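Chemist: Next up, work_34.txt (compact mmCIF, C-alpha atoms and all ligand atoms).
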```txt
# COMPACT_ATOMS: atom_id res chain seq x y z
CA MET A 1 137.46 134.79 89.56
CA VAL A 2 136.31 133.50 92.95
CA SER A 3 138.12 130.35 94.12
CA PRO A 4 136.34 127.24 95.39
CA GLU A 5 138.05 127.86 98.77
CA GLU A 6 136.45 131.30 99.03
CA ILE A 7 133.03 129.81 98.36
CA GLU A 8 133.77 127.10 100.94
CA GLN A 9 134.29 129.94 103.44
CA LEU A 10 130.72 131.05 102.81
CA VAL A 11 129.20 127.64 103.57
CA ARG A 12 127.55 127.39 107.01
CA ASN A 13 130.19 126.04 109.39
CA GLU A 14 127.98 123.41 111.00
CA LEU A 15 127.21 121.88 107.58
CA LYS A 16 130.78 121.61 106.31
CA ASN A 17 131.56 118.35 108.09
CA MET A 18 128.02 117.02 108.36
CA LYS A 19 127.56 113.32 107.56
CA SER A 20 125.27 112.59 104.62
CA TYR A 21 122.17 110.41 104.94
CA THR A 22 122.54 106.81 103.71
CA PRO A 23 119.63 106.35 101.33
CA ILE A 24 118.53 103.16 99.60
CA GLU A 25 119.03 102.95 95.85
CA PRO A 26 116.51 102.38 93.05
CA THR A 27 116.08 98.99 91.40
CA ASP A 28 117.70 99.97 88.08
CA VAL A 29 120.89 101.06 89.85
CA LEU A 30 120.98 97.84 91.92
CA SER A 31 120.29 95.80 88.79
CA GLN A 32 123.23 97.34 86.90
CA ARG A 33 125.57 96.94 89.84
CA VAL A 34 125.12 93.18 90.07
CA ASP A 35 124.29 92.66 86.39
CA ILE A 36 120.93 91.01 87.02
CA PRO A 37 117.84 92.13 85.06
CA VAL A 38 115.49 94.53 86.88
CA ALA A 39 112.64 92.00 86.75
CA LYS A 40 114.78 89.46 88.63
CA VAL A 41 115.89 91.82 91.41
CA ILE A 42 114.31 91.06 94.79
CA LYS A 43 114.19 94.36 96.62
CA LEU A 44 113.78 93.85 100.37
CA ASP A 45 115.71 96.91 101.54
CA GLY A 46 113.21 99.79 101.50
CA ASN A 47 110.12 98.55 103.37
CA GLU A 48 108.11 99.23 100.21
CA ASN A 49 104.83 97.48 99.36
CA PRO A 50 105.74 94.63 96.93
CA TYR A 51 102.18 94.59 95.53
CA GLY A 52 102.49 98.17 94.28
CA CYS A 53 99.87 100.87 94.43
CA SER A 54 96.16 100.64 93.64
CA GLU A 55 95.15 100.34 89.95
CA LYS A 56 92.81 103.29 90.63
CA VAL A 57 95.86 105.46 91.22
CA LYS A 58 97.35 104.56 87.83
CA ARG A 59 94.11 105.24 85.97
CA ALA A 60 93.41 108.54 87.71
CA LEU A 61 96.96 109.79 87.04
CA ALA A 62 96.65 108.91 83.35
CA ASP A 63 93.26 110.63 83.03
CA TYR A 64 93.99 113.86 84.90
CA ALA A 65 93.79 116.93 82.65
CA TYR A 66 95.17 119.84 84.72
CA TYR A 67 98.85 119.16 85.37
CA HIS A 68 99.55 122.67 84.04
CA HIS A 69 97.84 124.17 87.10
CA TYR A 70 99.37 124.50 90.56
CA PRO A 71 98.09 122.19 93.30
CA ASP A 72 95.82 123.49 96.08
CA PRO A 73 98.17 125.11 98.64
CA GLU A 74 95.68 124.24 101.39
CA GLN A 75 95.35 120.60 100.26
CA ARG A 76 91.60 120.88 101.00
CA GLU A 77 90.35 117.76 99.23
CA LEU A 78 93.15 115.56 100.55
CA ARG A 79 92.81 116.83 104.12
CA LYS A 80 89.03 116.20 104.01
CA ALA A 81 89.61 112.64 102.80
CA LEU A 82 92.22 112.10 105.52
CA GLU A 83 89.74 113.38 108.11
CA LYS A 84 87.44 110.50 107.14
CA TYR A 85 90.27 107.96 107.11
CA ILE A 86 91.75 108.77 110.54
CA GLY A 87 88.79 110.35 112.34
CA VAL A 88 90.45 113.65 113.30
CA GLY A 89 89.36 117.05 111.95
CA ALA A 90 90.97 118.37 108.76
CA ASP A 91 91.91 121.45 110.79
CA GLN A 92 94.55 119.33 112.52
CA ILE A 93 96.00 117.62 109.43
CA ILE A 94 98.78 118.81 107.10
CA ALA A 95 100.15 116.80 104.18
CA GLY A 96 103.78 116.85 103.13
CA SER A 97 106.04 115.67 100.34
CA GLY A 98 106.55 112.45 102.26
CA SER A 99 106.60 112.52 106.05
CA ASP A 100 110.31 113.33 105.61
CA GLU A 101 109.28 116.85 104.62
CA LEU A 102 107.16 117.18 107.75
CA ILE A 103 110.06 116.05 109.96
CA ASP A 104 112.11 118.86 108.41
CA LEU A 105 109.27 121.37 108.76
CA ILE A 106 108.68 120.58 112.43
CA LEU A 107 112.39 121.04 113.14
CA ARG A 108 112.42 124.35 111.29
CA LEU A 109 109.59 125.58 113.47
CA PHE A 110 111.24 124.73 116.79
CA VAL A 111 114.99 124.45 116.35
CA GLU A 112 117.33 127.42 116.25
CA PRO A 113 121.11 126.91 116.23
CA GLY A 114 122.16 125.27 119.49
CA ALA A 115 118.72 123.91 120.38
CA LYS A 116 118.61 120.22 121.30
CA VAL A 117 116.65 117.33 119.85
CA ILE A 118 116.50 113.95 121.57
CA ASN A 119 116.99 110.93 119.34
CA CYS A 120 116.70 107.30 120.46
CA PRO A 121 118.90 105.09 118.29
CA PRO A 122 118.80 102.67 116.67
CA THR A 123 116.06 104.45 114.75
CA PHE A 124 115.21 106.26 111.53
CA GLY A 125 118.15 108.32 110.24
CA MET A 126 116.17 111.36 109.12
CA TYR A 127 115.77 112.77 112.64
CA PRO A 128 119.47 113.56 113.27
CA PHE A 129 119.94 114.41 109.57
CA SER A 130 117.28 117.13 109.55
CA THR A 131 118.30 118.32 113.03
CA ASP A 132 121.85 118.88 111.74
CA ILE A 133 120.60 120.88 108.76
CA CYS A 134 118.66 123.18 111.09
CA GLY A 135 121.80 123.75 113.17
CA GLY A 136 120.32 121.86 116.10
CA ARG A 137 122.19 119.45 118.37
CA THR A 138 121.16 115.81 118.41
CA VAL A 139 121.26 114.33 121.90
CA SER A 140 121.44 110.53 121.61
CA VAL A 141 119.64 108.47 124.22
CA PRO A 142 120.15 104.86 123.06
CA ARG A 143 117.30 102.40 123.39
CA LYS A 144 117.58 99.50 125.86
CA ALA A 145 118.57 95.98 124.77
CA ASP A 146 114.93 95.15 123.94
CA PHE A 147 114.76 98.39 121.88
CA SER A 148 112.36 100.10 124.28
CA ILE A 149 112.87 103.78 125.11
CA ASP A 150 115.04 104.47 128.16
CA LEU A 151 112.58 106.84 129.86
CA ALA A 152 114.82 107.62 132.84
CA ALA A 153 117.72 108.50 130.55
CA VAL A 154 115.49 110.72 128.39
CA LYS A 155 114.35 112.64 131.47
CA LYS A 156 117.96 113.05 132.55
CA ALA A 157 119.04 114.22 129.08
CA LYS A 158 116.35 116.89 128.88
CA ASP A 159 117.34 120.44 129.75
CA LYS A 160 116.21 124.01 129.03
CA ARG A 161 117.44 123.88 125.43
CA THR A 162 115.66 120.61 124.59
CA LYS A 163 112.77 121.14 122.19
CA ILE A 164 111.74 117.86 120.65
CA ILE A 165 111.96 114.08 120.95
CA PHE A 166 111.33 111.76 118.00
CA VAL A 167 109.92 108.27 118.56
CA ALA A 168 109.17 105.96 115.64
CA SER A 169 106.49 103.44 116.60
CA PRO A 170 106.71 100.78 115.25
CA ASN A 171 110.40 101.65 115.29
CA ASN A 172 112.51 101.38 112.16
CA PRO A 173 114.65 99.21 112.10
CA SER A 174 113.71 97.23 115.23
CA GLY A 175 109.97 96.80 114.55
CA ASN A 176 108.77 97.26 118.14
CA ILE A 177 106.04 99.54 119.48
CA THR A 178 106.33 102.22 122.15
CA SER A 179 103.30 101.95 124.43
CA GLU A 180 100.79 104.70 125.12
CA THR A 181 101.92 104.79 128.76
CA GLU A 182 105.52 105.40 127.71
CA ILE A 183 104.52 108.13 125.25
CA ILE A 184 102.44 109.82 127.97
CA ALA A 185 105.50 109.77 130.25
CA LEU A 186 107.44 111.54 127.48
CA LEU A 187 104.60 114.05 126.97
CA ASP A 188 104.73 114.87 130.68
CA THR A 189 108.29 116.19 130.26
CA GLY A 190 106.74 119.14 128.41
CA ILE A 191 108.82 118.95 125.24
CA VAL A 192 107.31 118.29 121.80
CA VAL A 193 106.89 114.56 121.22
CA VAL A 194 106.79 113.43 117.58
CA VAL A 195 105.44 109.90 117.23
CA ASP A 196 106.30 108.67 113.74
CA GLU A 197 103.71 106.05 112.76
CA ALA A 198 105.01 105.30 109.25
CA TYR A 199 104.17 101.61 109.82
CA ALA A 200 100.93 101.96 111.84
CA GLU A 201 98.81 100.17 109.23
CA PHE A 202 100.92 97.05 109.84
CA SER A 203 100.64 97.22 113.64
CA GLY A 204 96.99 98.23 113.79
CA LEU A 205 97.88 100.62 116.64
CA THR A 206 97.83 104.41 116.69
CA LEU A 207 98.09 107.28 119.16
CA ILE A 208 96.22 109.72 116.91
CA PRO A 209 93.29 110.06 119.39
CA LEU A 210 95.73 111.50 121.96
CA VAL A 211 96.59 114.51 119.76
CA THR A 212 93.36 116.25 120.74
CA LYS A 213 94.31 115.88 124.43
CA TYR A 214 97.97 116.97 124.38
CA ASN A 215 99.26 120.31 123.10
CA ASN A 216 102.74 118.83 122.63
CA LEU A 217 101.97 115.64 120.66
CA ILE A 218 102.46 115.27 116.90
CA VAL A 219 101.74 112.04 115.01
CA LEU A 220 103.21 111.46 111.54
CA ARG A 221 101.85 109.03 108.93
CA THR A 222 102.70 108.23 105.33
CA PHE A 223 101.37 106.64 102.14
CA SER A 224 104.87 105.38 101.28
CA LYS A 225 104.79 102.03 102.99
CA TRP A 226 101.29 100.50 103.24
CA ALA A 227 99.77 102.28 100.20
CA GLY A 228 102.69 101.64 97.84
CA LEU A 229 103.30 105.32 97.05
CA ALA A 230 106.93 105.74 98.17
CA GLY A 231 107.89 107.07 94.74
CA LEU A 232 105.26 109.81 94.73
CA ARG A 233 106.14 111.31 98.14
CA VAL A 234 103.07 111.90 100.25
CA GLY A 235 102.75 111.81 104.02
CA TYR A 236 100.79 113.75 106.61
CA GLY A 237 100.84 114.82 110.21
CA ILE A 238 98.22 115.28 112.90
CA PHE A 239 98.97 118.38 114.96
CA PRO A 240 97.59 120.22 117.98
CA GLU A 241 95.95 123.50 116.93
CA ASN A 242 98.74 125.60 118.47
CA ILE A 243 101.35 123.90 116.26
CA PHE A 244 99.16 123.47 113.18
CA LYS A 245 98.72 127.21 112.67
CA HIS A 246 102.47 127.86 112.51
CA LEU A 247 103.28 124.92 110.26
CA MET A 248 100.52 125.85 107.82
CA LYS A 249 102.08 129.31 107.65
CA ILE A 250 105.71 128.24 107.10
CA LYS A 251 105.23 125.29 104.74
CA GLN A 252 106.04 125.71 101.04
CA PRO A 253 102.71 126.64 99.42
CA TYR A 254 102.71 123.85 96.82
CA ASN A 255 104.58 121.24 98.84
CA VAL A 256 102.45 118.26 97.79
CA ASN A 257 102.38 117.94 94.02
CA ILE A 258 99.20 117.15 92.07
CA ALA A 259 100.22 113.58 91.21
CA ALA A 260 100.86 112.81 94.88
CA GLN A 261 97.54 114.37 95.94
CA ILE A 262 95.59 112.39 93.32
CA ALA A 263 97.40 109.19 94.25
CA ALA A 264 96.63 109.62 97.95
CA LEU A 265 92.95 110.41 97.26
CA GLU A 266 92.54 107.41 94.96
CA SER A 267 94.28 105.15 97.48
CA LEU A 268 91.73 106.16 100.11
CA LYS A 269 88.96 105.30 97.61
CA ASP A 270 90.46 101.82 97.14
CA ILE A 271 90.97 101.07 100.78
CA GLU A 272 89.64 97.51 100.60
CA TYR A 273 92.28 96.53 98.05
CA LEU A 274 95.07 98.19 100.02
CA ARG A 275 93.94 96.57 103.26
CA SER A 276 94.11 93.20 101.50
CA THR A 277 97.77 93.81 100.57
CA VAL A 278 98.53 94.93 104.14
CA LYS A 279 96.94 91.72 105.38
CA ALA A 280 98.99 89.63 102.94
CA ILE A 281 102.16 91.38 104.14
CA ILE A 282 101.29 90.77 107.82
CA ASN A 283 100.68 87.05 107.11
CA GLU A 284 103.94 86.87 105.19
CA ARG A 285 105.77 88.64 108.04
CA GLU A 286 104.80 85.81 110.37
CA ARG A 287 105.85 83.14 107.85
CA LEU A 288 109.17 84.90 107.12
CA SER A 289 109.82 85.33 110.83
CA SER A 290 109.32 81.63 111.57
CA LYS A 291 111.50 80.58 108.58
CA LEU A 292 114.29 82.93 109.67
CA SER A 293 114.02 81.68 113.26
CA GLN A 294 114.78 78.15 112.03
CA LEU A 295 118.28 79.32 111.05
CA ASN A 296 120.24 78.92 114.28
CA TRP A 297 122.83 81.53 113.27
CA LEU A 298 120.20 84.28 113.23
CA LYS A 299 118.61 86.07 116.19
CA VAL A 300 115.24 87.29 114.96
CA TYR A 301 113.45 90.19 116.68
CA PRO A 302 109.64 90.37 116.84
CA SER A 303 108.14 92.99 114.51
CA GLN A 304 104.87 94.87 114.24
CA ALA A 305 105.91 96.48 110.95
CA ASN A 306 106.56 95.23 107.39
CA PHE A 307 110.20 94.32 108.00
CA ILE A 308 112.17 92.06 110.31
CA LEU A 309 115.45 92.83 112.07
CA CYS A 310 117.94 90.01 112.70
CA THR A 311 121.36 89.81 114.27
CA VAL A 312 123.75 87.53 112.41
CA LEU A 313 125.48 85.47 115.12
CA ASN A 314 128.28 83.86 113.08
CA GLU A 315 130.04 87.17 112.38
CA LYS A 316 129.37 86.82 108.68
CA ALA A 317 126.77 89.59 108.38
CA LYS A 318 128.73 91.64 105.89
CA ARG A 319 129.56 88.66 103.71
CA ILE A 320 125.97 87.41 103.79
CA HIS A 321 124.70 90.84 102.80
CA GLN A 322 127.12 90.92 99.86
CA GLU A 323 126.46 87.40 98.68
CA LEU A 324 122.72 88.03 98.77
CA GLN A 325 123.35 91.02 96.52
CA GLY A 326 125.24 88.78 94.11
CA LYS A 327 122.07 86.70 93.86
CA GLY A 328 119.98 89.81 93.21
CA ILE A 329 118.49 89.93 96.74
CA PHE A 330 118.84 93.29 98.48
CA VAL A 331 118.38 93.71 102.23
CA ARG A 332 119.61 96.44 104.55
CA TYR A 333 122.84 95.88 106.48
CA PHE A 334 123.67 97.75 109.70
CA ASP A 335 126.99 97.91 111.47
CA THR A 336 126.62 100.85 113.82
CA MET A 337 127.38 101.20 117.50
CA GLU A 338 123.82 100.28 118.46
CA LEU A 339 123.37 97.65 115.74
CA LYS A 340 126.24 95.27 115.20
CA ASP A 341 126.00 92.61 112.46
CA CYS A 342 122.34 93.29 111.75
CA LEU A 343 120.20 92.76 108.68
CA ARG A 344 116.80 94.38 108.18
CA ILE A 345 114.67 92.42 105.77
CA SER A 346 111.51 93.96 104.28
CA VAL A 347 108.58 91.57 103.99
CA GLY A 348 107.98 90.74 100.32
CA LYS A 349 105.69 88.32 98.51
CA PRO A 350 105.77 84.60 99.41
CA GLU A 351 108.07 83.85 96.47
CA HIS A 352 110.53 86.47 97.76
CA THR A 353 110.61 84.77 101.16
CA ASP A 354 111.25 81.41 99.50
CA ALA A 355 114.10 82.79 97.37
CA LEU A 356 115.65 84.56 100.36
CA ILE A 357 115.52 81.52 102.64
CA ALA A 358 116.96 79.27 99.93
CA ALA A 359 119.78 81.78 99.34
CA LEU A 360 120.54 82.12 103.07
CA LYS A 361 120.78 78.32 103.43
CA GLU A 362 123.17 78.19 100.50
CA ILE A 363 125.38 81.07 101.69
CA CYS A 364 125.91 80.43 105.39
C1 LIG A 401 110.10 105.21 105.64
C2 LIG A 401 109.96 106.04 106.86
C3 LIG A 401 109.52 107.35 106.77
C4 LIG A 401 109.52 108.08 105.47
O1 LIG A 401 108.31 108.32 105.00
P1 LIG A 401 108.08 109.19 103.69
O2 LIG A 401 106.66 109.53 103.85
O3 LIG A 401 108.39 108.31 102.53
O4 LIG A 401 108.97 110.39 103.74
C5 LIG A 401 109.29 108.07 107.95
N1 LIG A 401 109.52 107.50 109.14
C6 LIG A 401 109.97 106.25 109.26
C7 LIG A 401 110.20 105.67 110.61
C8 LIG A 401 110.21 105.48 108.12
O5 LIG A 401 110.72 104.25 108.24
```
Let's see the structure in the file written out as structure tokens.
Ligand SMILES: *Cc1c(COP(=O)(O)O)cnc(C)c1O

Modeler:
Amino acid sequence: MVSPEEIEQLVRNELKNMKSYTPIEPTDVLSQRVDIPVAKVIKLDGNENPYGCSEKVKRALADYAYYHHYPDPEQRELRKALEKYIGVGADQIIAGSGSDELIDLILRLFVEPGAKVINCPPTFGMYPFSTDICGGRTVSVPRKADFSIDLAAVKKAKDKRTKIIFVASPNNPSGNITSETEIIALLDTGIVVVVDEAYAEFSGLTLIPLVTKYNNLIVLRTFSKWAGLAGLRVGYGIFPENIFKHLMKIKQPYNVNIAAQIAALESLKDIEYLRSTVKAIINERERLSSKLSQLNWLKVYPSQANFILCTVLNEKAKRIHQELQGKGIFVRYFDTMELKDCLRISVGKPEHTDALIAALKEIC
């Protein structure tokens, strides 16, 4: 009989002490934890679309007759539809099981053990997570106080082993944009620049047109946030031809399941409805931001996404986070080196804003 210790010996060394990713939890789990019915839970921790997906998605999924067949490994119909949506040729687009899968795939293409990846915290946790799994080394170049990228420090951090830099724009959790000029400065360093535009529909800004001009620029997008499809896992990337050909070759053949492909296609057919929910969320973001700003114990940061970051100034961030949970309101709490006493609040419906503000006034 082999002992657990002997198996432990077989595990890759660099993964033994790796930190796990901190994911958000589903509504039913949250509901049980605080003993509040699912329907009463106000979930403002995942940057999800509170209006849900298009009705067309639900109908098409119910009517589909070929779930017993494998999906198209080349994602032809979806890539064609995306070509129309974003205005770049299908021969530069690859879909993934969420953009998370594409982050992993890009790292697998470029990163061998010991290779370096530049990360600019505070930002999305998947970049260092997937870098670790590939055996790469994350080089942290913290953002400046206004959450902009420290270009000089990035240039200094870059060396011969540096392969990639990840930049979320709008950034999660700070909500700010990185300008085209700044991205071009990063592209000029010669490493692969991945611009993660998971929230682009809320900012109305994109760098997709630049991908045809730069051989080292990748832009990632997703249906999770604006289209309300987080649970079905579908994202996509726009790649230069020289990178596209390798990724198409190394991706899992059936990486985007049929349900996700149908849902994405139907979403693109119901774009007017989805744009109306995006617009409602943007309006609500501005209302939420001004209500939060009225609380003098919060410092509220401007956001171009569907969430708002605040610093809690009275040192009660942890308690406020917990007491909100007790009332069935879930927001994200950060207490890292780069983010002390911070809450990230996803923009919900107007009634969610009202409940949150009332609860915050009661708690503080
Ligand atoms: C939510 C998020 C994603 C994840 O997108 P999926 O398509 O659901 O995997 C990617 N990047 C950022 C910055 C995000 O906040």

Chemist: Neighbours of ligand LIG 401 (chain A) within 10 Å, counting only C-alpha atoms and all ligand atoms, as a PyMOL selection string?

Modeler: chain A and resi 46-48+95-103+123-127+166-173+175+195-199+220-225+228-236+305-307

Chemist: Excluding Arg137 (chain A) and any residue of its chain fewer than 3 positions from it, enumerate the residues within 7 Å of it, using all atoms listed in the file, and give them as an NGL selection string.

Modeler: :A and (114-117 or 131-132)

Chemist: I'd like the contact shell of Phe239 (chain A) - 9 Å cut-off, all atoms listed in the file, skipping same-chain residues fewer than 3 positions apart - returned as an MDAnalysis selection string.

Modeler: chainID A and resid 91:94 211:212 215:220 242:244

Chemist: Mind giving me the straight-line distance from CA of Asp35 (chain A) to CA of Phe330 (chain A) in Å, one decimal?

Modeler: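 Atom-to-atom, CA of Asp35 (chain A) and CA of Phe330 (chain A) are spaced 13.3 Å apart.
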
Chemist: So that I can see what lies close to region 262-268 of chain A, please list as a PyMOL selection string the residues with an atom at most 8 Å from it, counting all atoms listed in the file and leaving out residues fewer than 6 positions away in the same chain.

Modeler: chain A and resi 53-54+56-58+60-61+78+81+85+223+227+229+232+234+274

Chemist: Can you pull out every residue within 10 Å of Lys19 (chain A), counting only C-alpha atoms, but drop anything in the same chain fewer than 3 positions away, and send it as an mmCIF file with C-alpha atoms, in the frame of the given file?

Modeler:
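Saved to around-v4.cif:
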```cif
data_model
loop_
_atom_site.group_PDB
_atom_site.id
_atom_site.type_symbol
_atom_site.label_atom_id
_atom_site.label_comp_id
_atom_site.auth_asym_id
_atom_site.auth_seq_id
_atom_site.Cartn_x
_atom_site.Cartn_y
_atom_site.Cartn_z
ATOM 1 C CA LEU A 15 127.210 121.880 107.580
ATOM 2 C CA LYS A 16 130.780 121.610 106.310
ATOM 3 C CA THR A 22 122.540 106.810 103.710
ATOM 4 C CA PRO A 128 119.470 113.560 113.270
ATOM 5 C CA PHE A 129 119.940 114.410 109.570
ATOM 6 C CA ASP A 132 121.850 118.880 111.740
#
```

Chemist: Quick check, in Å to one decimal: how far apart do CA of Leu151 (chain A) and CA of Glu182 (chain A) lie?

Modeler: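 Going from CA of Leu151 (chain A) over to CA of Glu182 (chain A), I get 7.5 Å.
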
Chemist: For region 24-143 of chain A against region 352-357 of chain A, with a cut-off of 10 Å and counting only C-alpha atoms, what is the closest atom pair and its distance in Å to one decimal for every residue that makes the cut, ordered by chain and number, as a tab-separated table?

Modeler:
```
residue	atom	partner	partner_atom	distance
A:Val41	CA	A:His352	CA	9.9
A:Ile42	CA	A:His352	CA	6.6
A:Lys43	CA	A:His352	CA	8.8
A:Leu44	CA	A:His352	CA	8.5
A:Pro50	CA	A:His352	CA	9.5
```

Chemist: Go through A:Tyr301, A:Tyr333, A:Tyr273, A:Tyr254 one by one, measure the shortest atom-to-atom distance of each to Leu288 (chain A) using only C-alpha atoms, and give the residue with the smallest value.

Modeler: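 Ranking A:Tyr301, A:Tyr333, A:Tyr273, A:Tyr254 by distance to Leu288 (chain A), first place goes to A:Tyr301.
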
Chemist: Using all atoms listed in the file and a cutoff of 9 Å, can you tell me which residues are near (117.6, 94.6, 108.7) in the file's coordinates, and write them out as number ranges by chain?

Modeler: A: 45, 173-174, 307-311, 331-334, 342-346

Chemist: When you draw a straight line from CA of Asp150 (chain A) to CA of Leu210 (chain A), how long is it in Å?

Modeler: 21.5 Å

Chemist: Need to verify the contact set: Leu295 (chain A), 10 Å, all atoms listed in the file, exclusion of same-chain residues closer than 6 positions in sequence. Can you return it as a list of chain:residue names?

Modeler: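 That gives A:Val312, A:Ile357, A:Leu360, A:Lys361, A:Cys364.
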
Chemist: Using only C-alpha atoms, can you tell me which of A:Ala200, A:Ser290, A:Ile363, A:Pro209 comes closest to Ile320 (chain A)?

Modeler: A:Ile363

Chemist: Under the rule that all atoms listed in the file are counted, which of A:Gln325, A:Ser179, A:Gln304, A:Gln9 is the nearest residue to Ile36 (chain A)?

Modeler: A:Gln325

Chemist: Please complete region 175-186 of chain A with N, CA, C and O atoms and give it back as a PDB file, keeping the file's coordinate frame.

Modeler:
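Output below, filename selection_37.pdb:
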```
ATOM      1  N   GLY A 175     111.305  97.367 114.729  1.00  0.00           N
ATOM      2  CA  GLY A 175     109.970  96.800 114.550  1.00  0.00           C
ATOM      3  C   GLY A 175     109.075  96.806 115.775  1.00  0.00           C
ATOM      4  O   GLY A 175     107.922  96.388 115.701  1.00  0.00           O
ATOM      5  N   ASN A 176     109.581  97.283 116.916  1.00  0.00           N
ATOM      6  CA  ASN A 176     108.770  97.260 118.140  1.00  0.00           C
ATOM      7  C   ASN A 176     107.982  98.563 118.330  1.00  0.00           C
ATOM      8  O   ASN A 176     108.321  99.607 117.793  1.00  0.00           O
ATOM      9  N   ILE A 177     106.948  98.437 119.168  1.00  0.00           N
ATOM     10  CA  ILE A 177     106.040  99.540 119.480  1.00  0.00           C
ATOM     11  C   ILE A 177     106.486 100.245 120.764  1.00  0.00           C
ATOM     12  O   ILE A 177     107.037  99.602 121.648  1.00  0.00           O
ATOM     13  N   THR A 178     106.228 101.536 120.862  1.00  0.00           N
ATOM     14  CA  THR A 178     106.330 102.220 122.150  1.00  0.00           C
ATOM     15  C   THR A 178     104.909 102.383 122.674  1.00  0.00           C
ATOM     16  O   THR A 178     104.034 102.853 121.946  1.00  0.00           O
ATOM     17  N   SER A 179     104.680 101.977 123.913  1.00  0.00           N
ATOM     18  CA  SER A 179     103.300 101.950 124.430  1.00  0.00           C
ATOM     19  C   SER A 179     102.765 103.351 124.700  1.00  0.00           C
ATOM     20  O   SER A 179     103.530 104.312 124.860  1.00  0.00           O
ATOM     21  N   GLU A 180     101.448 103.435 124.803  1.00  0.00           N
ATOM     22  CA  GLU A 180     100.790 104.700 125.120  1.00  0.00           C
ATOM     23  C   GLU A 180     101.278 105.245 126.467  1.00  0.00           C
ATOM     24  O   GLU A 180     101.535 106.447 126.604  1.00  0.00           O
ATOM     25  N   THR A 181     101.443 104.364 127.440  1.00  0.00           N
ATOM     26  CA  THR A 181     101.920 104.790 128.760  1.00  0.00           C
ATOM     27  C   THR A 181     103.294 105.446 128.658  1.00  0.00           C
ATOM     28  O   THR A 181     103.556 106.475 129.298  1.00  0.00           O
ATOM     29  N   GLU A 182     104.169 104.842 127.859  1.00  0.00           N
ATOM     30  CA  GLU A 182     105.520 105.400 127.710  1.00  0.00           C
ATOM     31  C   GLU A 182     105.476 106.757 126.993  1.00  0.00           C
ATOM     32  O   GLU A 182     106.185 107.695 127.371  1.00  0.00           O
ATOM     33  N   ILE A 183     104.635 106.860 125.972  1.00  0.00           N
ATOM     34  CA  ILE A 183     104.520 108.130 125.250  1.00  0.00           C
ATOM     35  C   ILE A 183     103.976 109.214 126.189  1.00  0.00           C
ATOM     36  O   ILE A 183     104.433 110.357 126.188  1.00  0.00           O
ATOM     37  N   ILE A 184     103.002 108.841 127.026  1.00  0.00           N
ATOM     38  CA  ILE A 184     102.440 109.820 127.970  1.00  0.00           C
ATOM     39  C   ILE A 184     103.528 110.295 128.951  1.00  0.00           C
ATOM     40  O   ILE A 184     103.608 111.479 129.272  1.00  0.00           O
ATOM     41  N   ALA A 185     104.386 109.370 129.369  1.00  0.00           N
ATOM     42  CA  ALA A 185     105.500 109.770 130.250  1.00  0.00           C
ATOM     43  C   ALA A 185     106.399 110.777 129.537  1.00  0.00           C
ATOM     44  O   ALA A 185     106.874 111.740 130.155  1.00  0.00           O
ATOM     45  N   LEU A 186     106.617 110.586 128.239  1.00  0.00           N
ATOM     46  CA  LEU A 186     107.440 111.540 127.480  1.00  0.00           C
ATOM     47  C   LEU A 186     106.711 112.875 127.335  1.00  0.00           C
ATOM     48  O   LEU A 186     107.311 113.949 127.453  1.00  0.00           O
TER      49      LEU A 186
END
```
